[in-house]
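S.K.: So that you have it, the file is work-v8.cif, and it contains mmCIF, C-alpha atoms and all ligand atoms:
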data_input
#
loop_
_atom_site.label_atom_id
_atom_site.label_comp_id
_atom_site.auth_asym_id
_atom_site.auth_seq_id
_atom_site.Cartn_x
_atom_site.Cartn_y
_atom_site.Cartn_z
CA SER P 1 21.57 12.53 -34.53
CA ALA P 2 21.55 12.54 -30.74
CA GLN P 3 17.75 12.57 -30.94
CA HIS P 4 17.75 9.31 -32.86
CA SER P 5 19.71 7.34 -30.34
CA VAL P 6 18.38 6.48 -26.87
CA THR P 7 19.32 4.45 -23.80
CA VAL P 8 16.69 2.44 -21.91
CA MET P 9 17.55 1.27 -18.40
CA GLY P 10 15.20 -1.20 -16.70
CA LEU P 11 13.71 -3.93 -18.85
CA GLY P 12 10.60 -4.97 -16.96
CA PRO P 13 7.40 -5.24 -19.02
CA MET P 14 7.37 -1.43 -19.41
CA GLY P 15 11.02 -0.88 -20.31
CA ARG P 16 10.95 -3.75 -22.81
CA ALA P 17 7.84 -2.31 -24.48
CA MET P 18 9.49 1.14 -24.62
CA ALA P 19 12.72 -0.16 -26.11
CA ALA P 20 10.71 -2.16 -28.66
CA ALA P 21 8.61 0.89 -29.61
CA LEU P 22 11.81 2.90 -30.17
CA LEU P 23 13.32 0.13 -32.31
CA ASP P 24 10.06 0.04 -34.31
CA ARG P 25 10.55 3.74 -35.08
CA GLY P 26 14.14 3.30 -36.19
CA TYR P 27 15.91 4.58 -33.10
CA ALA P 28 19.33 3.21 -32.22
CA VAL P 29 18.69 1.78 -28.75
CA THR P 30 21.19 0.92 -26.02
CA VAL P 31 19.74 -1.09 -23.15
CA TRP P 32 20.86 -2.11 -19.68
CA ASN P 33 19.14 -4.31 -17.12
CA ARG P 34 20.27 -5.82 -13.82
CA THR P 35 19.19 -9.22 -15.11
CA ALA P 36 20.92 -9.07 -18.50
CA SER P 37 18.94 -11.97 -20.03
CA ARG P 38 15.81 -9.80 -20.16
CA ALA P 39 17.55 -7.89 -22.97
CA ASP P 40 17.85 -10.98 -25.24
CA GLY P 41 14.77 -10.29 -27.38
CA LEU P 42 15.76 -6.64 -27.86
CA VAL P 43 19.36 -7.50 -28.71
CA ALA P 44 18.04 -9.95 -31.32
CA ARG P 45 16.18 -6.98 -32.83
CA GLY P 46 19.31 -4.84 -32.97
CA ALA P 47 19.55 -3.15 -29.56
CA ALA P 48 23.03 -2.79 -28.04
CA LEU P 49 23.45 -4.23 -24.55
CA ALA P 50 25.61 -2.01 -22.33
CA PRO P 51 27.81 -3.96 -19.91
CA SER P 52 27.30 -1.52 -17.01
CA PRO P 53 24.99 1.33 -15.96
CA ALA P 54 27.86 3.81 -16.47
CA GLU P 55 28.34 2.66 -20.07
CA ALA P 56 24.58 2.74 -20.68
CA VAL P 57 24.43 6.34 -19.44
CA ALA P 58 27.54 7.32 -21.40
CA ALA P 59 26.11 5.90 -24.65
CA ASN P 60 23.39 8.54 -25.23
CA GLU P 61 22.21 11.99 -24.24
CA VAL P 62 18.69 10.65 -23.66
CA VAL P 63 18.39 8.02 -20.93
CA ILE P 64 14.99 6.46 -20.20
CA LEU P 65 14.61 4.98 -16.71
CA SER P 66 11.88 2.38 -16.17
CA LEU P 67 12.61 0.80 -12.81
CA THR P 68 10.42 -0.51 -10.01
CA ASP P 69 10.91 2.48 -7.71
CA TYR P 70 13.36 5.27 -6.88
CA ALA P 71 15.39 3.02 -4.57
CA ALA P 72 16.20 1.05 -7.72
CA VAL P 73 16.92 4.30 -9.59
CA ARG P 74 19.48 5.25 -6.93
CA ALA P 75 21.01 1.78 -6.92
CA VAL P 76 21.45 1.95 -10.70
CA LEU P 77 22.53 5.60 -11.13
CA GLU P 78 24.86 6.12 -8.18
CA PRO P 79 27.70 4.06 -9.65
CA ALA P 80 27.06 5.81 -13.00
CA ALA P 81 27.06 9.34 -11.52
CA PRO P 82 30.29 10.50 -13.22
CA ALA P 83 28.68 9.76 -16.64
CA LEU P 84 25.55 11.87 -15.94
CA ASP P 85 26.84 15.29 -16.95
CA GLY P 86 24.79 16.65 -19.87
CA ARG P 87 22.31 13.80 -19.85
CA ALA P 88 18.51 14.08 -20.09
CA LEU P 89 16.95 11.52 -17.78
CA LEU P 90 13.40 10.61 -18.80
CA ASN P 91 12.44 9.02 -15.52
CA LEU P 92 9.27 6.98 -16.05
CA THR P 93 9.68 5.16 -12.76
CA SER P 94 6.64 5.73 -10.56
CA ALA P 95 7.30 7.61 -7.33
CA THR P 96 5.86 10.03 -4.81
CA PRO P 97 6.14 13.72 -5.75
CA GLU P 98 8.76 14.19 -3.00
CA GLU P 99 10.86 11.33 -4.36
CA ALA P 100 10.62 12.75 -7.87
CA ARG P 101 11.79 16.20 -6.65
CA ALA P 102 14.69 14.69 -4.69
CA GLY P 103 15.66 12.60 -7.73
CA ALA P 104 15.63 15.66 -9.99
CA ASP P 105 17.78 17.60 -7.48
CA TRP P 106 20.25 14.74 -7.25
CA ALA P 107 20.46 14.50 -11.05
CA ALA P 108 20.95 18.29 -11.33
CA GLY P 109 23.83 18.00 -8.85
CA HIS P 110 25.51 15.70 -11.38
CA GLY P 111 24.79 17.95 -14.36
CA ALA P 112 21.77 16.00 -15.65
CA VAL P 113 18.23 17.18 -16.30
CA GLN P 114 15.34 14.98 -15.18
CA LEU P 115 11.92 14.93 -16.82
CA THR P 116 9.53 13.02 -14.58
CA GLY P 117 6.91 10.97 -16.35
CA GLY P 118 3.77 9.22 -15.16
CA VAL P 119 2.76 6.64 -17.72
CA ASN P 120 -1.00 6.24 -18.01
CA SER P 121 -0.83 3.07 -20.03
CA SER P 122 -0.15 -0.62 -19.70
CA PRO P 123 2.84 -2.14 -21.53
CA THR P 124 0.53 -3.14 -24.42
CA GLY P 125 -0.38 0.54 -24.92
CA ILE P 126 3.25 1.66 -25.29
CA GLY P 127 3.90 2.93 -28.81
CA GLN P 128 0.15 3.28 -29.48
CA PRO P 129 -1.34 6.62 -30.56
CA GLU P 130 -3.97 6.83 -27.79
CA SER P 131 -1.66 6.04 -24.85
CA TYR P 132 -0.77 8.92 -22.58
CA THR P 133 2.00 10.15 -20.28
CA PHE P 134 2.13 13.16 -17.93
CA TYR P 135 5.50 14.92 -17.79
CA SER P 136 6.92 17.64 -15.59
CA GLY P 137 10.30 19.27 -15.23
CA PRO P 138 12.12 21.71 -17.50
CA ARG P 139 9.87 22.69 -20.41
CA GLU P 140 12.93 23.06 -22.63
CA ALA P 141 13.82 19.38 -22.11
CA PHE P 142 10.22 18.35 -22.81
CA ASP P 143 10.19 20.30 -26.10
CA ARG P 144 13.64 19.12 -27.13
CA HIS P 145 12.89 15.43 -26.57
CA ARG P 146 9.24 15.45 -27.60
CA PRO P 147 9.75 13.07 -30.57
CA VAL P 148 11.17 10.41 -28.22
CA LEU P 149 8.35 11.00 -25.72
CA GLU P 150 5.76 10.64 -28.49
CA ALA P 151 7.37 7.43 -29.66
CA LEU P 152 6.69 5.98 -26.18
CA THR P 153 3.07 7.14 -25.86
CA GLY P 154 1.19 8.91 -28.63
CA ARG P 155 -0.15 11.59 -26.28
CA VAL P 156 2.10 13.60 -23.97
CA ASP P 157 1.42 16.57 -21.74
CA HIS P 158 3.77 18.94 -19.91
CA GLN P 159 2.22 19.86 -16.58
CA GLY P 160 4.78 22.31 -15.24
CA GLU P 161 8.38 22.85 -14.22
CA ASP P 162 8.04 21.16 -10.81
CA PRO P 163 9.40 17.62 -11.25
CA GLY P 164 6.94 16.43 -8.58
CA LEU P 165 3.85 17.45 -10.60
CA ALA P 166 3.82 14.51 -13.00
CA ALA P 167 4.23 12.14 -10.05
CA LEU P 168 1.37 13.89 -8.25
CA HIS P 169 -0.98 13.62 -11.24
CA TYR P 170 0.05 10.02 -11.70
CA GLN P 171 -0.69 9.20 -8.05
CA ILE P 172 -4.08 10.96 -8.26
CA GLY P 173 -4.88 8.61 -11.12
CA MET P 174 -3.57 5.63 -9.20
CA VAL P 175 -5.78 6.35 -6.19
CA MET P 176 -8.68 5.91 -8.58
CA PHE P 177 -7.15 2.97 -10.36
CA TRP P 178 -6.25 0.75 -7.41
CA THR P 179 -9.40 1.41 -5.38
CA SER P 180 -11.58 0.86 -8.47
CA LEU P 181 -9.82 -2.39 -9.30
CA LEU P 182 -10.11 -3.54 -5.70
CA GLY P 183 -13.82 -2.73 -5.80
CA TYR P 184 -14.09 -4.79 -8.96
CA TRP P 185 -12.16 -7.72 -7.46
CA GLN P 186 -14.38 -7.58 -4.35
CA ALA P 187 -17.46 -7.70 -6.59
CA VAL P 188 -16.08 -10.72 -8.46
CA ALA P 189 -15.30 -12.49 -5.15
CA LEU P 190 -18.85 -11.85 -3.94
CA ALA P 191 -20.30 -13.05 -7.25
CA ARG P 192 -18.15 -16.18 -7.13
CA ALA P 193 -19.23 -16.98 -3.59
CA ASN P 194 -22.75 -16.94 -5.03
CA GLY P 195 -21.97 -19.24 -7.96
CA MET P 196 -21.45 -16.56 -10.63
CA THR P 197 -18.38 -15.94 -12.79
CA ALA P 198 -16.56 -12.72 -13.67
CA ALA P 199 -18.10 -13.04 -17.15
CA ASP P 200 -21.61 -13.30 -15.67
CA ILE P 201 -21.34 -9.94 -13.91
CA LEU P 202 -19.32 -8.11 -16.59
CA PRO P 203 -22.30 -6.29 -18.19
CA SER P 204 -23.56 -4.96 -14.87
CA VAL P 205 -20.14 -3.91 -13.49
CA VAL P 206 -19.35 -2.14 -16.78
CA GLU P 207 -22.66 -0.27 -16.55
CA THR P 208 -21.82 0.83 -13.00
CA ALA P 209 -18.32 1.91 -14.01
CA ASP P 210 -19.65 3.86 -17.03
CA SER P 211 -22.14 5.72 -14.87
CA LEU P 212 -19.34 7.06 -12.67
CA SER P 213 -18.16 9.71 -15.16
CA GLU P 214 -21.47 11.55 -14.84
CA THR P 215 -21.40 11.16 -11.06
CA PHE P 216 -17.91 12.69 -10.86
CA ALA P 217 -18.97 15.65 -13.01
CA PHE P 218 -22.05 16.21 -10.83
CA TYR P 219 -20.01 16.20 -7.60
CA ALA P 220 -17.04 18.18 -8.98
CA GLU P 221 -19.12 21.30 -9.51
CA ARG P 222 -20.73 21.12 -6.07
CA ILE P 223 -17.49 20.22 -4.23
CA ASP P 224 -15.63 23.18 -5.75
CA ALA P 225 -18.53 25.42 -4.72
CA GLY P 226 -18.32 24.02 -1.16
CA VAL P 227 -21.86 22.64 -1.48
CA HIS P 228 -22.72 19.26 0.05
CA LEU P 229 -26.47 19.50 -0.25
CA GLY P 230 -28.29 16.34 0.85
CA ASP P 231 -30.97 16.73 -1.82
CA VAL P 232 -29.93 13.73 -3.93
CA ASP P 233 -28.01 11.55 -1.50
CA ARG P 234 -27.53 11.71 2.26
CA LEU P 235 -24.51 10.46 4.19
CA ALA P 236 -26.84 8.62 6.62
CA MET P 237 -28.26 6.75 3.60
CA GLY P 238 -24.69 6.10 2.42
CA LEU P 239 -23.80 4.53 5.79
CA ALA P 240 -26.85 2.24 5.66
CA SER P 241 -26.00 1.28 2.08
CA ALA P 242 -22.32 0.60 2.87
CA ASP P 243 -23.47 -1.55 5.80
CA HIS P 244 -25.64 -3.64 3.43
CA VAL P 245 -22.57 -4.18 1.26
CA LEU P 246 -20.51 -5.21 4.30
CA ARG P 247 -23.13 -7.68 5.59
CA THR P 248 -23.77 -9.18 2.14
CA ASN P 249 -20.03 -9.94 1.87
CA ALA P 250 -19.84 -11.26 5.44
CA ASP P 251 -22.89 -13.51 4.89
CA ALA P 252 -21.24 -14.91 1.74
CA GLY P 253 -18.04 -15.69 3.65
CA VAL P 254 -16.05 -13.22 1.54
CA ASP P 255 -13.22 -11.11 2.97
CA THR P 256 -14.61 -7.93 4.55
CA ALA P 257 -11.50 -5.70 4.87
CA LEU P 258 -12.50 -3.39 2.01
CA PRO P 259 -16.26 -3.10 2.73
CA ALA P 260 -15.49 -2.61 6.46
CA ALA P 261 -13.12 0.27 5.61
CA VAL P 262 -15.90 1.88 3.54
CA VAL P 263 -18.39 1.54 6.41
CA ALA P 264 -15.86 3.02 8.85
CA LEU P 265 -15.41 6.13 6.67
CA PHE P 266 -19.14 6.70 6.25
CA ARG P 267 -19.64 6.21 10.01
CA ARG P 268 -17.00 8.86 10.75
CA GLY P 269 -18.90 11.25 8.50
CA VAL P 270 -22.17 10.61 10.30
CA GLU P 271 -20.44 10.90 13.70
CA ALA P 272 -18.97 14.24 12.56
CA GLY P 273 -22.55 15.46 12.24
CA ARG P 274 -22.79 15.36 8.43
CA GLY P 275 -25.51 12.65 8.21
CA ALA P 276 -28.02 14.98 6.53
CA ASP P 277 -25.45 16.25 4.01
CA SER P 278 -24.45 14.63 0.73
CA CYS P 279 -22.02 11.71 0.84
CA SER P 280 -19.58 14.11 -0.85
CA ALA P 281 -19.14 15.77 2.59
CA LEU P 282 -16.67 12.92 3.15
CA VAL P 283 -14.21 14.93 1.00
CA GLU P 284 -13.93 17.50 3.84
CA LEU P 285 -13.22 14.73 6.33
CA LEU P 286 -10.70 13.00 4.05
CA ALA P 287 -8.89 16.28 3.37
CA LYS P 288 -8.58 17.17 7.07
CA PRO P 289 -8.77 13.92 9.04
CA GLY P 290 -8.14 15.55 12.42
CA LYS P 291 -11.02 18.02 12.16
P1 LIG U 301 9.06 -4.04 -12.91
O1 LIG U 301 9.09 -3.80 -11.45
O2 LIG U 301 8.49 -5.30 -13.42
O3 LIG U 301 10.53 -3.92 -13.59
C1 LIG U 301 11.34 -2.81 -13.55
C2 LIG U 301 12.81 -3.07 -13.63
O4 LIG U 301 13.39 -2.63 -12.40
C3 LIG U 301 13.31 -4.49 -13.86
O5 LIG U 301 14.07 -4.43 -15.03
C4 LIG U 301 14.18 -4.76 -12.63
O6 LIG U 301 15.37 -5.46 -12.93
C5 LIG U 301 14.55 -3.39 -12.20
N1 LIG U 301 14.97 -3.28 -10.79
C6 LIG U 301 14.20 -3.38 -9.68
N2 LIG U 301 14.93 -3.20 -8.58
C7 LIG U 301 16.21 -2.99 -9.00
C8 LIG U 301 17.42 -2.72 -8.34
N3 LIG U 301 17.49 -2.62 -7.00
N4 LIG U 301 18.53 -2.56 -9.09
C9 LIG U 301 18.48 -2.63 -10.44
N5 LIG U 301 17.35 -2.86 -11.12
C10 LIG U 301 16.23 -3.04 -10.41
O7 LIG U 301 8.27 -2.77 -13.47
P2 LIG U 301 7.46 -2.50 -14.84
O8 LIG U 301 8.34 -2.71 -16.00
O9 LIG U 301 6.13 -3.16 -14.82
O10 LIG U 301 7.20 -0.94 -14.62
C11 LIG U 301 8.26 0.00 -14.56
C12 LIG U 301 7.73 1.29 -13.95
O11 LIG U 301 6.59 1.73 -14.69
C13 LIG U 301 7.28 1.12 -12.49
O12 LIG U 301 7.63 2.27 -11.76
C14 LIG U 301 5.77 1.01 -12.61
O13 LIG U 301 5.10 1.49 -11.45
C15 LIG U 301 5.48 1.89 -13.82
N6 LIG U 301 4.27 1.52 -14.54
C16 LIG U 301 4.00 0.20 -14.82
C17 LIG U 301 2.84 -0.15 -15.48
C18 LIG U 301 2.53 -1.59 -15.83
O14 LIG U 301 1.40 -1.86 -16.24
N7 LIG U 301 3.47 -2.51 -15.71
C19 LIG U 301 1.86 0.88 -15.86
C20 LIG U 301 2.27 2.23 -15.60
C21 LIG U 301 3.43 2.52 -14.93
P3 LIG U 301 15.42 -7.08 -12.98
O15 LIG U 301 14.90 -7.46 -14.34
O16 LIG U 301 16.87 -7.40 -12.79
O17 LIG U 301 14.55 -7.58 -11.86
#
Would you mind writing the file's structure down as structure tokens?
Ligand code: NDP

M.R.:
Amino acid sequence: SAQHSVTVMGLGPMGRAMAAALLDRGYAVTVWNRTASRADGLVARGAALAPSPAEAVAANEVVILSLTDYAAVRAVLEPAAPALDGRALLNLTSATPEEARAGADWAAGHGAVQLTGGVNSSPTGIGQPESYTFYSGPREAFDRHRPVLEALTGRVDHQGEDPGLAALHYQIGMVMFWTSLLGYWQAVALARANGMTAADILPSVVETADSLSETFAFYAERIDAGVHLGDVDRLAMGLASADHVLRTNADAGVDTALPAAVVALFRRGVEAGRGADSCSALVELLAKPGK
């Protein structure tokens, strides 16, 4: 059936993992990639290599897109536009919400439906039951193609009709992801400058990371209530603490770009007169930087 036959365009680590997961589940898979050699392993497992984007799109109703960004999506789909009528594009390429909306509009103009997806998993998680993807776009397309979506990541969630929503939720997650990873890499650099390895500090950084869930829950309730009570933590304390972090890194000869940015944000909060409030008052400043 149409549901058992899928095209995958873009064979980076993600697209290759997706095509492999579909082959594992018995789907007939057609693939296309700019650099054709990246398809070799999949072709050896039975995937069909389409000679052009237009032929890849023409091959199946369901077309999965896993490209670097939407500039790549345009570069790939524009020459294939006449083949798009009636297609369901599962666009798992990360993007801003605005880009995702514009992409969905463009696809609709060519008779195709786009479901935007934000994949919350690394390539090794693809095809695993616990991996997770946010989708948005037409609910009907989500329901119709759910088996394919669940073959890619075990857990899927439809967040609404707006094709930008999945991109938005994905980017909210990525704000957390990249800044947390940078914080971790900064900690490793500081440890290293002091003769310790990443393995040495793993137990303590994991403990810090684990404690964050409770911290988020504590702040979430107060932030939504508009309460930034300085009863547990004060922004003035936060500034002093961030300054200790900055100077410890500087004294160790480690790059200070990240700790200096943290100090600058806390200082703006104190200068805005919030020094006696909770550090969470920074949310108000981040949300309305001019005020
Ligand atoms: P890559 O950037 O490694 O590869 C994506 C593909 O895009 C490649 O096949 C590449 O082709 C193709 N491509 C890039 N530019 C063009 C272009 N101008 N024309 C044609 N093809 C192009 O990405 P990943 O596979 O790692 O990820 C795919 C998407 O998934 C990205 O949007 C990423 O943000 C997202 N994602 C990735 C995760 C990860 O851990 N890797 C996790 C969650 C989401 P070629 O082989 O010819 O270079």

S.K.: Report as lines of an AutoDock Vina configuration file the centre and the edge lengths, in Å to one decimal, of the axis-aligned box holding every listed atom of region 114-132 of chain P, padded by 4 Å on each side.

M.R.:
center_x = 5.7
center_y = 5.9
center_z = -22.6
size_x = 27.3
size_y = 26.1
size_z = 24.0

S.K.: Residues contacting ligand LIG 301 (chain U) - anything with an atom at most 10 Å away, using only C-alpha atoms and all ligand atoms - can you give me those as a PyMOL selection string?

M.R.: chain P and resi 9-18+32-39+53+65-77+91-95+117-126+133+170+174

S.K.: Would you list the contacts of Val6 (chain P) as a list of chain:residue names, taking every protein, DNA or RNA residue within 6 Å and counting all atoms listed in the file, but skipping same-chain residues closer than 3 positions in sequence?

M.R.: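 The neighbour list is P:Val29, P:Asn60, P:Val62.
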
S.K.: Fewer than 6 positions away in the same chain doesn't count, so skip those; otherwise give me all residues within 9 Å of Ile201 (chain P), counting all atoms listed in the file, as a PyMOL selection string.

M.R.: chain P and resi 187-188+191

S.K.: In Å, with one decimal, what is the gap from CA of Ala48 (chain P) to CA of Val8 (chain P)?

M.R.: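 Between CA of Ala48 (chain P) and CA of Val8 (chain P) the gap works out to 10.3 Å.
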
S.K.: Which value, in Å to one decimal, gives the distance between CA of Ala107 (chain P) and CA of Pro163 (chain P)?

M.R.: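 A separation of 11.5 Å between them.
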
S.K.: Calculate how many Å separate CA of Ala193 (chain P) from CA of Thr256 (chain P), rounding to one decimal.

M.R.: 13.0 Å

S.K.: Return as CSV the residues of region 168-227 of chain P lying at most 10 Å from region 280-283 of chain P, together with the closest atom-to-atom pair for each and the distance in Å to one decimal, counting all atoms listed in the file, with rows in chain order and ascending residue number.

M.R.:
residue,atom,partner,partner_atom,distance
P:Tyr219,CA,P:Ser280,CA,7.1
P:Ala220,CA,P:Ser280,CA,9.4
P:Arg222,CA,P:Ser280,CA,8.8
P:Ile223,CA,P:Ser280,CA,7.3
P:Gly226,CA,P:Ala281,CA,9.1
P:Val227,CA,P:Ala281,CA,8.4
